[in-house]
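Novice: I am attaching a structure below and will ask some questions about it afterwards.
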Amino acid sequence: MCEIELYSSQTEQVLSILERDGVCYSRAEYVRKKYGESAEIFLLAYSSFVREAEKLLQKPEKAEYPYWAFPDPRSVDLSGGGVLSRLLVPVSEVLFFDAWDWYKVLRLSYIGENEEEEKEFARELSLRGLDSNKVMLSSFYPEWKERILKSWSRLFRFDQLIRSGDYSCVHSVQAALWMLKKEWLR
């Protein structure tokens, strides 16, 4: 079985559940609690993530959202008081993507095939007095919103290249796990 070393920030609560149950799943309620007033924006991004991710890697019934992990421990954000966790995970349990593309989703922005396409999309919005936040946070621009949402399907376009060890296609590798297992902790 091919495995990859990943790093993740996890709360003491998650680590306790892993110790007790051997497995832990992320839920929408945790996202709401973590992000408070901003939760709805995160839930929109996470829901889109889940829709696309399920097409590539079956989501366990108990999982609502993924856990984030990185091959490089320096990429892990510990600012929320999490504990740096080192994991050894079967590659078959991982989805890979460019963290920069994920940040675009979190900013409710368009993911183009390339930077030029993204600039052109932003220019088209600007000519209409719009930006991606105005489009995504209102119900007045359904065509533009649909274009942005559809662009998010590009998030996993580099999964197979990253999986094969080629990181040259991305700025920073990020990974998603549908669950955490105690046996993965190192």
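Residue names in the structure tokens use chain letters A, B, ... in the order shown, residue numbers from 1 in each chain, and ligand numbers from 1 in the order shown.
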Name the residues of chain A that fall into strand (DSSP E or B) according to DSSP on the backbone, using the chain letters and numbers of this document, as JSON, numbers by chain.
Specialist: {"A": [3, 4, 5, 6, 7, 8, 9, 10, 23, 24, 26, 65, 67, 68, 69, 70, 83, 84, 85, 86, 87, 88, 89, 90, 94, 95, 96, 97, 98, 173, 174, 175, 176, 177, 180, 181, 185]}
Novice: For Asp21 in chain A, list every protein, DNA or RNA residue within 12 Å, evaluated using only C-alpha atoms, and leave out those in the same chain fewer than 4 positions away; present the list as a PyMOL selection string.
Specialist: chain A and resi 13-17+25+180-183
Novice: Using only C-alpha atoms, which protein or nucleic acid residues come within 7 Å of Ser151 in chain A? Drop anything in the same chain fewer than 6 positions from it, and give the result as a PyMOL selection string.
Specialist: chain A and resi 110-112
Novice: Restricting it to N, CA and C atoms, dump the selection as a compact mmCIF listing (two decimals), in the first residue's frame.
Specialist:
# COMPACT_ATOMS: atom_id res chain seq x y z
N TYR A 110 -13.33 33.20 -9.05
CA TYR A 110 -13.32 32.35 -10.24
C TYR A 110 -11.98 31.62 -10.35
N ILE A 111 -12.01 30.32 -10.68
CA ILE A 111 -10.79 29.57 -10.97
C ILE A 111 -10.72 29.38 -12.47
N GLY A 112 -9.79 30.06 -13.10
CA GLY A 112 -9.62 29.94 -14.54
C GLY A 112 -8.67 28.81 -14.91
Novice: With the cut-off set at 12 Å and counting only C-alpha atoms, tabulate each residue of range 33-53 of chain A with an atom at most that distance from an atom of range 129-149 of chain A, showing the nearest atom pair and its distance in Å to one decimal, ordered by chain and increasing number, as a tab-separated table.
Specialist:
residue	atom	partner	partner_atom	distance
A:Ser38	CA	A:Leu137	CA	11.9
A:Glu40	CA	A:Leu137	CA	9.9
A:Ile41	CA	A:Leu137	CA	8.4
A:Phe42	CA	A:Leu137	CA	12.0
A:Leu44	CA	A:Met136	CA	9.5
A:Ala45	CA	A:Leu149	CA	9.2
A:Tyr46	CA	A:Leu149	CA	11.9
A:Ser47	CA	A:Leu149	CA	10.8
A:Ser48	CA	A:Leu149	CA	7.6
A:Phe49	CA	A:Leu149	CA	10.2
A:Arg51	CA	A:Leu149	CA	10.9
A:Glu52	CA	A:Leu149	CA	10.7
Novice: Output N, CA, C and O atoms for every residue in that selection, as a PDB file, in the first residue's frame.
Specialist:
ATOM      1  N   SER A  38     -18.980  34.287   9.865  1.00  0.00           N
ATOM      2  CA  SER A  38     -18.527  34.016   8.498  1.00  0.00           C
ATOM      3  C   SER A  38     -18.864  32.598   8.038  1.00  0.00           C
ATOM      4  O   SER A  38     -18.540  32.229   6.909  1.00  0.00           O
ATOM      5  N   GLU A  40     -21.420  31.021   6.924  1.00  0.00           N
ATOM      6  CA  GLU A  40     -22.189  30.782   5.702  1.00  0.00           C
ATOM      7  C   GLU A  40     -21.306  30.817   4.456  1.00  0.00           C
ATOM      8  O   GLU A  40     -21.513  30.046   3.516  1.00  0.00           O
ATOM      9  N   ILE A  41     -20.328  31.712   4.428  1.00  0.00           N
ATOM     10  CA  ILE A  41     -19.401  31.770   3.290  1.00  0.00           C
ATOM     11  C   ILE A  41     -18.587  30.485   3.232  1.00  0.00           C
ATOM     12  O   ILE A  41     -18.423  29.882   2.168  1.00  0.00           O
ATOM     13  N   PHE A  42     -18.093  30.047   4.383  1.00  0.00           N
ATOM     14  CA  PHE A  42     -17.318  28.810   4.418  1.00  0.00           C
ATOM     15  C   PHE A  42     -18.175  27.617   4.040  1.00  0.00           C
ATOM     16  O   PHE A  42     -17.724  26.726   3.318  1.00  0.00           O
ATOM     17  N   LEU A  44     -20.714  27.571   2.024  1.00  0.00           N
ATOM     18  CA  LEU A  44     -20.895  27.601   0.570  1.00  0.00           C
ATOM     19  C   LEU A  44     -19.672  26.992  -0.113  1.00  0.00           C
ATOM     20  O   LEU A  44     -19.795  26.122  -0.983  1.00  0.00           O
ATOM     21  N   ALA A  45     -18.493  27.424   0.291  1.00  0.00           N
ATOM     22  CA  ALA A  45     -17.249  26.905  -0.297  1.00  0.00           C
ATOM     23  C   ALA A  45     -17.092  25.412   0.006  1.00  0.00           C
ATOM     24  O   ALA A  45     -16.785  24.617  -0.894  1.00  0.00           O
ATOM     25  N   TYR A  46     -17.320  25.017   1.249  1.00  0.00           N
ATOM     26  CA  TYR A  46     -17.155  23.618   1.639  1.00  0.00           C
ATOM     27  C   TYR A  46     -18.162  22.724   0.917  1.00  0.00           C
ATOM     28  O   TYR A  46     -17.830  21.610   0.514  1.00  0.00           O
ATOM     29  N   SER A  47     -19.386  23.196   0.758  1.00  0.00           N
ATOM     30  CA  SER A  47     -20.402  22.386   0.060  1.00  0.00           C
ATOM     31  C   SER A  47     -20.013  22.147  -1.387  1.00  0.00           C
ATOM     32  O   SER A  47     -20.193  21.045  -1.915  1.00  0.00           O
ATOM     33  N   SER A  48     -19.479  23.173  -2.025  1.00  0.00           N
ATOM     34  CA  SER A  48     -18.997  23.015  -3.391  1.00  0.00           C
ATOM     35  C   SER A  48     -17.834  22.025  -3.428  1.00  0.00           C
ATOM     36  O   SER A  48     -17.764  21.160  -4.309  1.00  0.00           O
ATOM     37  N   PHE A  49     -16.933  22.148  -2.473  1.00  0.00           N
ATOM     38  CA  PHE A  49     -15.801  21.237  -2.371  1.00  0.00           C
ATOM     39  C   PHE A  49     -16.297  19.795  -2.297  1.00  0.00           C
ATOM     40  O   PHE A  49     -15.827  18.923  -3.027  1.00  0.00           O
ATOM     41  N   ARG A  51     -19.203  18.481  -3.183  1.00  0.00           N
ATOM     42  CA  ARG A  51     -19.838  18.039  -4.438  1.00  0.00           C
ATOM     43  C   ARG A  51     -18.796  17.551  -5.439  1.00  0.00           C
ATOM     44  O   ARG A  51     -18.976  16.513  -6.082  1.00  0.00           O
ATOM     45  N   GLU A  52     -17.719  18.305  -5.592  1.00  0.00           N
ATOM     46  CA  GLU A  52     -16.681  17.934  -6.562  1.00  0.00           C
ATOM     47  C   GLU A  52     -15.819  16.779  -6.057  1.00  0.00           C
ATOM     48  O   GLU A  52     -15.465  15.888  -6.821  1.00  0.00           O
TER      49      GLU A  52
END
Novice: Could you give me, as a PyMOL selection string, the residues within 7 Å of Phe70 in chain A, counting only C-alpha atoms and dropping anything in the same chain fewer than 3 positions from it?
Specialist: chain A and resi 6-8+73+75-76+173-175
Novice: Given the choices A:Asp77, A:Glu29, A:Glu93, A:Asp159, which gets closest to Leu57 in chain A if the distance is worked out from only C-alpha atoms?
Specialist: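 Nearest candidate to Leu57 in chain A out of A:Asp77, A:Glu29, A:Glu93, A:Asp159: A:Glu93.
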Novice: Return the single residue from A:Trp184, A:Trp102, A:Trp68, A:Phe96 that is closest to Leu161 in chain A, with distances computed using only C-alpha atoms.
Specialist: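 Distance minimum relative to Leu161 in chain A lands on A:Phe96.
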